[in-house]
Structure formats: C-alpha cells, structure tokens
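Asks: Sharing work_5.cif below, mmCIF, C-alpha atoms:
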```
data_upload
#
loop_
_atom_site.label_atom_id
_atom_site.label_comp_id
_atom_site.auth_asym_id
_atom_site.auth_seq_id
_atom_site.Cartn_x
_atom_site.Cartn_y
_atom_site.Cartn_z
CA MET A 1 250.24 62.52 -41.81
CA PHE A 2 250.77 66.12 -40.69
CA PHE A 3 247.02 66.46 -40.30
CA LEU A 4 246.98 63.55 -37.83
CA ILE A 5 249.87 65.05 -35.85
CA ASP A 6 248.10 68.42 -35.66
CA TRP A 7 244.91 66.67 -34.55
CA PHE A 8 246.78 64.75 -31.86
CA VAL A 9 248.46 67.92 -30.55
CA ALA A 10 245.30 70.04 -30.55
CA LEU A 11 242.85 67.52 -29.06
CA ILE A 12 244.97 65.37 -26.75
CA TYR A 13 248.46 66.69 -26.11
CA GLN A 14 247.79 70.41 -25.67
CA PRO A 15 244.89 70.15 -23.15
CA PHE A 16 246.72 67.72 -20.86
CA PHE A 17 250.01 69.59 -21.20
CA ASN A 18 248.23 72.77 -20.08
CA LEU A 19 246.56 70.89 -17.21
CA LEU A 20 249.92 69.64 -15.91
CA VAL A 21 251.52 73.08 -16.18
CA ALA A 22 248.53 74.71 -14.44
CA ILE A 23 248.74 72.20 -11.55
CA TYR A 24 252.47 72.85 -11.17
CA LEU A 25 252.03 76.64 -11.18
CA LEU A 26 249.23 76.36 -8.58
CA LEU A 27 251.46 74.21 -6.35
CA ASP A 28 254.29 76.68 -6.84
CA HIS A 29 252.01 79.48 -5.69
CA LEU A 30 250.76 77.54 -2.66
CA THR A 31 254.26 76.48 -1.58
CA ASN A 32 255.91 79.87 -2.15
CA GLY A 33 258.07 78.63 -5.00
CA ASN A 34 258.93 75.19 -3.60
CA ALA A 35 256.85 73.00 -5.93
CA ASP A 36 258.30 69.97 -7.67
CA MET A 37 257.03 68.39 -10.86
CA GLY A 38 256.69 64.96 -9.21
CA THR A 39 253.89 66.14 -6.92
CA ALA A 40 252.26 67.88 -9.87
CA VAL A 41 252.42 64.65 -11.87
CA ILE A 42 250.70 62.72 -9.06
CA LEU A 43 247.86 65.27 -8.84
CA PHE A 44 247.70 65.40 -12.64
CA THR A 45 247.40 61.61 -12.77
CA ILE A 46 244.58 61.57 -10.20
CA ALA A 47 242.71 64.24 -12.20
CA PHE A 48 243.29 62.26 -15.38
CA ARG A 49 242.05 59.03 -13.80
CA VAL A 50 238.90 60.73 -12.55
CA LEU A 51 238.21 61.87 -16.12
CA TRP A 52 239.05 58.34 -17.30
CA THR A 53 236.72 56.64 -14.79
CA PRO A 54 233.76 56.17 -17.21
CA VAL A 55 236.07 54.31 -19.61
CA SER A 56 237.46 52.19 -16.76
CA LEU A 57 234.00 51.26 -15.51
CA ALA A 58 232.87 50.37 -19.01
CA SER A 59 236.00 48.25 -19.39
CA GLY A 60 235.20 46.41 -16.17
CA ARG A 61 231.63 45.73 -17.22
CA SER A 62 232.73 44.36 -20.57
CA TYR A 63 235.58 42.24 -19.19
CA ASP A 64 233.42 39.14 -18.66
CA GLU A 65 231.98 39.53 -22.15
CA GLN A 66 235.48 39.77 -23.61
CA GLN A 67 236.46 36.63 -21.72
CA GLU A 68 233.43 34.83 -23.16
CA ILE A 69 234.29 35.95 -26.71
CA THR A 70 237.88 34.75 -26.29
CA LYS A 71 236.67 31.42 -24.93
CA ARG A 72 234.27 30.85 -27.81
CA PHE A 73 236.89 31.93 -30.35
CA LYS A 74 239.29 29.30 -29.03
CA GLU A 75 236.54 26.71 -29.16
CA TYR A 76 235.91 27.52 -32.83
CA GLU A 77 239.62 27.22 -33.61
CA LYS A 78 239.69 23.77 -32.03
CA GLN A 79 236.34 22.56 -33.34
CA TYR A 80 236.89 23.70 -36.94
CA SER A 81 240.65 23.23 -37.14
CA HIS A 82 240.26 21.19 -40.34
CA ASP A 83 237.57 23.42 -41.80
CA PRO A 84 238.99 26.96 -42.16
CA VAL A 85 236.02 28.19 -44.22
CA THR A 86 233.48 27.32 -41.52
CA ARG A 87 235.81 28.60 -38.81
CA LYS A 88 236.06 31.96 -40.58
CA GLN A 89 232.30 32.21 -40.95
CA MET A 90 231.68 31.35 -37.29
CA THR A 91 234.28 33.88 -36.19
CA LYS A 92 232.64 36.61 -38.27
CA GLN A 93 229.27 35.80 -36.73
CA LEU A 94 230.81 35.92 -33.26
CA PHE A 95 232.23 39.40 -33.74
CA ARG A 96 229.15 40.68 -35.55
CA GLY A 97 227.05 39.72 -32.57
CA ASN A 98 229.40 41.55 -30.17
CA LYS A 99 230.19 44.75 -32.07
CA ARG A 100 229.97 46.92 -28.96
CA ILE A 101 232.74 45.01 -27.20
CA VAL A 102 234.97 44.96 -30.28
CA ILE A 103 234.51 48.70 -30.89
CA PHE A 104 235.12 49.56 -27.25
CA SER A 105 238.29 47.46 -27.12
CA SER A 106 239.63 49.15 -30.27
CA ILE A 107 238.90 52.62 -28.89
CA ASN A 108 240.48 51.74 -25.55
CA ILE A 109 243.68 50.47 -27.18
CA THR A 110 243.87 53.54 -29.45
CA LEU A 111 243.48 55.90 -26.50
CA GLN A 112 246.16 54.03 -24.55
CA VAL A 113 248.61 54.46 -27.43
CA LEU A 114 247.80 58.18 -27.72
CA ILE A 115 248.27 58.64 -23.96
CA ALA A 116 251.67 56.92 -24.14
CA LEU A 117 252.75 59.27 -26.95
CA MET A 118 251.45 62.26 -24.99
CA LEU A 119 253.42 61.34 -21.88
CA TRP A 120 256.58 60.67 -23.83
CA ARG A 121 256.46 64.11 -25.44
CA ILE A 122 255.58 65.90 -22.18
CA PHE A 123 258.52 64.51 -20.23
CA ALA A 124 261.00 64.18 -23.08
CA LYS A 125 260.84 67.75 -24.35
CA GLY A 126 257.56 69.51 -23.52
CA LEU A 127 258.48 70.54 -19.98
CA GLU A 128 261.98 71.47 -21.12
CA GLY A 129 260.49 74.49 -22.89
CA GLU A 130 259.99 73.31 -26.47
CA ASP A 131 256.20 73.32 -26.18
CA PHE A 132 255.63 76.48 -24.16
CA HIS A 133 254.08 78.04 -27.26
CA LEU A 134 251.22 75.57 -26.82
CA LEU A 135 250.19 77.04 -23.47
CA TYR A 136 246.77 78.66 -23.50
CA PRO A 137 246.60 82.47 -23.11
CA PHE A 138 245.00 82.23 -19.65
CA ILE A 139 247.91 80.12 -18.28
CA PRO A 140 250.38 82.36 -16.39
CA GLU A 141 253.67 82.93 -18.14
CA VAL A 142 256.42 80.51 -17.16
CA ILE A 143 259.33 82.68 -16.04
CA GLU A 144 261.58 80.23 -14.21
CA PRO A 145 262.40 76.68 -15.32
CA PHE A 146 260.32 73.89 -13.85
CA ASN A 147 261.73 71.88 -10.98
CA LEU A 148 261.68 68.57 -12.85
CA THR A 149 262.33 66.44 -9.78
CA PHE A 150 260.31 64.38 -7.34
CA MET A 151 261.17 64.65 -3.63
CA ASN A 152 264.35 66.47 -4.76
CA ARG A 153 265.77 63.07 -5.67
CA PHE A 154 264.33 61.70 -8.91
CA ASP A 155 264.93 63.61 -12.13
CA LEU A 156 261.71 63.07 -14.09
CA SER A 157 263.23 64.03 -17.43
CA HIS A 158 265.71 61.12 -17.36
CA PRO A 159 265.42 57.36 -16.78
CA ASN A 160 265.52 56.16 -13.18
CA MET A 161 266.17 52.57 -12.11
CA THR A 162 264.40 52.84 -8.73
CA LEU A 163 261.13 54.08 -10.21
CA ASN A 164 261.41 51.44 -12.92
CA ILE A 165 261.58 48.69 -10.27
CA VAL A 166 258.69 50.22 -8.31
CA GLN A 167 256.63 50.38 -11.50
CA SER A 168 257.19 46.66 -12.21
CA LEU A 169 256.22 45.79 -8.62
CA PHE A 170 253.00 47.77 -8.94
CA ILE A 171 252.23 45.99 -12.22
CA PHE A 172 252.73 42.64 -10.46
CA VAL A 173 250.40 43.63 -7.60
CA PHE A 174 247.77 44.96 -10.00
CA GLU A 175 247.80 41.84 -12.16
CA SER A 176 247.72 39.58 -9.08
CA ILE A 177 244.61 41.32 -7.73
CA SER A 178 243.02 41.25 -11.20
CA ALA A 179 243.64 37.50 -11.45
CA LEU A 180 242.20 37.00 -7.96
CA PHE A 181 238.89 38.59 -8.94
CA ALA A 182 238.78 37.25 -12.50
CA VAL A 183 235.80 35.10 -13.38
CA SER A 184 237.86 32.47 -15.18
CA ILE A 185 241.56 32.47 -15.89
CA SER A 186 243.94 29.64 -16.66
CA ALA A 187 247.23 28.99 -14.90
CA ARG A 188 249.06 29.86 -18.11
CA GLU A 189 247.38 33.25 -18.26
CA VAL A 190 248.23 33.87 -14.61
CA VAL A 191 251.93 33.26 -15.28
CA LYS A 192 251.77 35.41 -18.39
CA THR A 193 250.19 38.41 -16.69
CA GLN A 194 251.63 38.23 -13.18
CA PHE A 195 255.24 37.47 -14.05
CA THR A 196 255.88 38.02 -17.73
CA LEU A 197 254.25 41.46 -17.95
CA PRO A 198 256.24 43.06 -15.08
CA VAL A 199 259.53 41.73 -16.50
CA VAL A 200 258.73 42.86 -20.05
CA SER A 201 257.60 46.29 -18.82
CA PHE A 202 260.81 46.66 -16.79
CA PHE A 203 262.97 46.42 -19.92
CA PHE A 204 260.49 48.27 -22.15
CA PHE A 205 260.39 51.37 -19.91
CA LEU A 206 264.05 51.16 -18.91
CA THR A 207 265.19 54.07 -21.11
CA MET A 208 262.05 56.19 -20.82
CA PRO A 209 261.78 59.37 -18.71
CA ALA A 210 261.03 58.79 -15.04
CA GLY A 211 258.06 61.17 -15.21
CA LYS A 212 256.17 58.67 -17.32
CA LYS A 213 256.96 55.91 -14.80
CA LEU A 214 255.64 58.08 -11.96
CA PHE A 215 252.44 58.57 -13.96
CA ILE A 216 252.08 54.79 -14.46
CA ILE A 217 252.80 54.06 -10.77
CA THR A 218 250.13 56.55 -9.67
CA THR A 219 247.72 55.18 -12.28
CA LEU A 220 248.22 51.62 -11.01
CA ALA A 221 247.78 52.71 -7.38
CA PHE A 222 244.55 54.50 -8.33
CA SER A 223 243.34 51.44 -10.26
CA ILE A 224 244.14 49.08 -7.37
CA VAL A 225 242.16 51.22 -4.92
CA GLN A 226 239.31 51.54 -7.42
CA MET A 227 239.26 47.79 -8.01
CA LEU A 228 239.22 46.98 -4.29
CA LEU A 229 236.42 49.47 -3.66
CA LEU A 230 234.35 48.02 -6.50
CA GLN A 231 234.89 44.45 -5.30
CA THR A 232 233.95 45.50 -1.75
CA TYR A 233 230.79 47.09 -3.11
CA TYR A 234 229.90 43.94 -5.08
CA PHE A 235 230.59 41.76 -2.02
CA ILE A 236 228.38 43.86 0.25
CA LYS A 237 225.66 43.96 -2.39
CA SER A 238 225.79 40.17 -2.77
CA LEU A 239 225.44 39.78 1.01
CA GLU A 240 222.47 42.15 1.03
CA ASP A 241 220.82 40.20 -1.77
CA LYS A 242 221.51 36.91 0.00
CA PHE A 243 220.25 37.89 3.43
CA ALA A 244 217.65 40.43 2.40
CA PHE A 245 214.35 40.04 4.29
CA LYS A 246 211.67 38.81 1.97
CA PRO A 247 208.17 39.01 3.41
CA LYS A 248 206.21 35.82 3.16
CA GLU A 249 203.50 35.78 0.59
CA PRO A 250 200.08 35.72 2.22
CA THR A 251 198.51 32.28 2.26
CA PRO A 252 195.43 32.35 0.10
CA GLU A 253 192.27 31.94 2.09
CA VAL A 254 190.61 28.60 1.57
CA THR A 255 186.88 28.79 1.55
CA ALA A 256 185.36 25.74 3.10
CA THR A 257 183.01 23.94 0.81
CA PRO A 258 179.75 23.29 2.61
CA VAL A 259 179.12 19.65 3.19
CA GLU A 260 175.93 18.51 1.58
CA GLN A 261 173.54 17.03 4.10
CA PRO A 262 171.99 13.76 3.09
CA VAL A 263 168.41 14.09 2.02
CA THR A 264 166.14 12.08 4.31
CA THR A 265 162.85 10.82 3.07
CA PRO A 266 160.16 10.69 5.71
CA HIS A 267 158.80 7.24 6.32
CA ASN A 268 155.13 6.69 6.70
#
```
Can you turn what I pasted into structure tokens?

Replies:
Amino acid sequence: MFFLIDWFVALIYQPFFNLLVAIYLLLDHLTNGNADMGTAVILFTIAFRVLWTPVSLASGRSYDEQQEITKRFKEYEKQYSHDPVTRKQMTKQLFRGNKRIVIFSSINITLQVLIALMLWRIFAKGLEGEDFHLLYPFIPEVIEPFNLTFMNRFDLSHPNMTLNIVQSLFIFVFESISALFAVSISAREVVKTQFTLPVVSFFFFLTMPAGKKLFIITTLAFSIVQMLLLQTYYFIKSLEDKFAFKPKEPTPEVTATPVEQPVTTPHN
C-alpha cells in the first residue's frame, strides 16, 4: 500500500504540483508580486490539457466503437436472457475482439481517478505548505505564502457555492454539445447525461476545495472549444469530399471495325 502511495506521489502528484508552483512563481515575478493562484490554476489547466490532448483524441476516435460495443452487449442481454451460458460466451468474444477499446477505457478511468486525488491533495493541503518538501531543487524557494484566491474573491482552499454552480452549468453545456454530435444516443441517455450528471456533480463537489472546481471549469471550457473545433474540421472536410472536383475518366477510344465489302463475282 505504501509503495503505491509513493509511486503516485513521485510519478503523478509531484510533477504537477511543481508545475503549478512554477507557474504561480512566474506570474508573481511578471506581476511584481500581485499573482493569484486562480490565474495560475487556469494556466496550469491549459498546460495539462495540452499534455492530455493525445488521450482526448484517442478517446474521441474510440467513442463510436464504445457505443457499438455497448449496443451489441445490450442485444446479447436481450437475445440470450434465458441462456446465461451462451450470453457469457458471446460477451467474452465481444470483449476479446475489442481489447484495445477495453484497455484504453480502463486506463482512462484510472488516470481520471489519479488526477482527482492529485487535485484534492494540491488544494486541500499541498499549497498550504505541507508538501513544500516535494518541490524540485531548481524551483525557487517559496518565501511568502501563496495568494490562494481567484480575482481576490474566491478562496480556492475552501468550498465555494458560486463556482460549484458554474461548474454544474459547464457540465450541462458540455454534455448537451456531446449529445448533439453523438452518433446515436437515446432520449433516456440524454436525460441521464444532460440533467442528472450536473445535479449529481453539484452535490458531489459541494464540500470540495474551490481550486478543484476552477480546474474542472477550465477543463470543460477547453474541451468544449476543442470539440467545436474538431466538429468544424470534420464538417469542412465532409464538404470538401462532397464537392471535390473529380476529373472525368477519359472515354476509351473505340476503333471502328472495317466493314467487309461484299465479294463480287464477275459475270461472263
């Protein structure tokens, strides 16, 4: 157990904690000591999302495949409802034939959990000074306490109702746009994602530090822009493919077959 905690700290928590502190110290230098942690969190989130882009793109490419797997899985449950042995065999074959999607989904979920733990520790106690010993030697020494506010209004180390509401609204917008561009989604799934998820997230994050909510808000804003840009690219590409000029294939030359002249026999 302690080995896993040490691995988590060394490979995930410590690098991103140092990145956030470095961004804050750079802002503090550029603003002559007037930096706030909220701005640093926004820049940190953008940097994080850029690093996360390959995973996001892979997730987008595999989304349709995941939808197809889910659809077929439900069909097996219905078709073999009275034959659990066959249903189990068919399900195993389904997942064996789509190992890449299953593995990717598992890795993605695991990383999301680790990121959540990382953010909780950063804003709950890391920036308060408990983890300063984890700063790399090349990071300047932190002399004064961090300004753990955003716009001199929101204390990022404590829960904040306003940011919690904004976060739920961004989740609603993100899920609405996702449903709009989804290949196939039922009305029940739309209700579940567009309305249930924002409400559940509102109560789930209610007691969490506001810094984590600012990270999620920035992440959702980044994802919305990224999604719209990708859909615009796909739309333009589809138009280009549809109206692309295709030169006509040359008509093969037809060689005229000489007409045989009737043979005339001279008459005496």

Asks: I'd like the interatomic distance between atom CA of Phe181 of chain A and atom CA of Phe235 of chain A, to a tenth of an Å.

Replies: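 Value for the atom CA of Phe181 of chain A-atom CA of Phe235 of chain A distance: 11.3 Å.
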
Asks: Which distance in Å separates atom CA of Ala116 of chain A and atom CA of Phe203 of chain A, to one decimal?

Replies: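 Between atom CA of Ala116 of chain A and atom CA of Phe203 of chain A the gap is 16.0 Å.
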
Asks: Which residue, A:Thr196, A:Thr162, A:Ser157, A:Thr218, has the smallest gap to Ile46 of chain A when you use only C-alpha atoms?

Replies: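 Of the candidates, the smallest distance to Ile46 of chain A is held by A:Thr218.
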
Asks: When distances are computed from all atoms listed in the file, which of A:Leu135, A:Val166, A:Val173, A:Val9 shows the smallest separation from Leu206 of chain A?

Replies: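 Result for the nearest residue to Leu206 of chain A: A:Val166.
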
Asks: Here is a test: counting only C-alpha atoms, which residue of A:Leu19, A:Tyr136, A:Trp120, A:Ser176 is nearest to Phe205 of chain A?

Replies: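 Distance minimum relative to Phe205 of chain A lands on A:Trp120.
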
Asks: Given the file shown, determine the residues that the PyMOL selection byres ((chain A and resi 222) around 12) selects; report them as a PyMOL selection string.

Replies: chain A and resi 42-43+45-50+52-53+56+170+174+215-221+223-229

Asks: Would you please work out which residue, of A:Ile139, A:Lys71, A:Ile5, A:Leu25, is nearest to Leu114 of chain A when using all atoms listed in the file?

Replies: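 That would be A:Ile5, the residue with the smallest distance to Leu114 of chain A.
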
Asks: Expressed in Å to a single decimal, how great is the separation between atom CA of Asn147 of chain A and atom CA of Asp36 of chain A?

Replies: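 About the pair atom CA of Asn147 of chain A and atom CA of Asp36 of chain A: they are 5.1 Å apart.
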
Asks: Show me the residues around (256.0, 60.1, -13.5) - criterion: an atom at most 10 Å away, all atoms listed in the file counted - as a VMD selection string.

Replies: chain A and resid 37 to 42 44 to 45 119 123 149 to 150 154 to 157 163 167 209 to 219

Asks: Counting all atoms listed in the file, figure out which residue out of A:Thr86, A:Asn18, A:Asn152, A:Thr91 gets nearest to Arg72 of chain A.

Replies: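 Closest to Arg72 of chain A of all the choices is A:Thr91.
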
Asks: Taking the file as I've supplied it (selection: the PyMOL selection byres ((chain A and resi 13) around 10)), which residues are included? Please answer as a ChimeraX atom specification.

Replies: /A:5-12,14-18,114-115,117-119,121-122,126,134

Asks: My list of candidates is A:Thr193, A:Val142, A:Lys92, A:Pro198. Which is closest to Leu169 of chain A when distances are computed with all atoms listed in the file?

Replies: A:Pro198
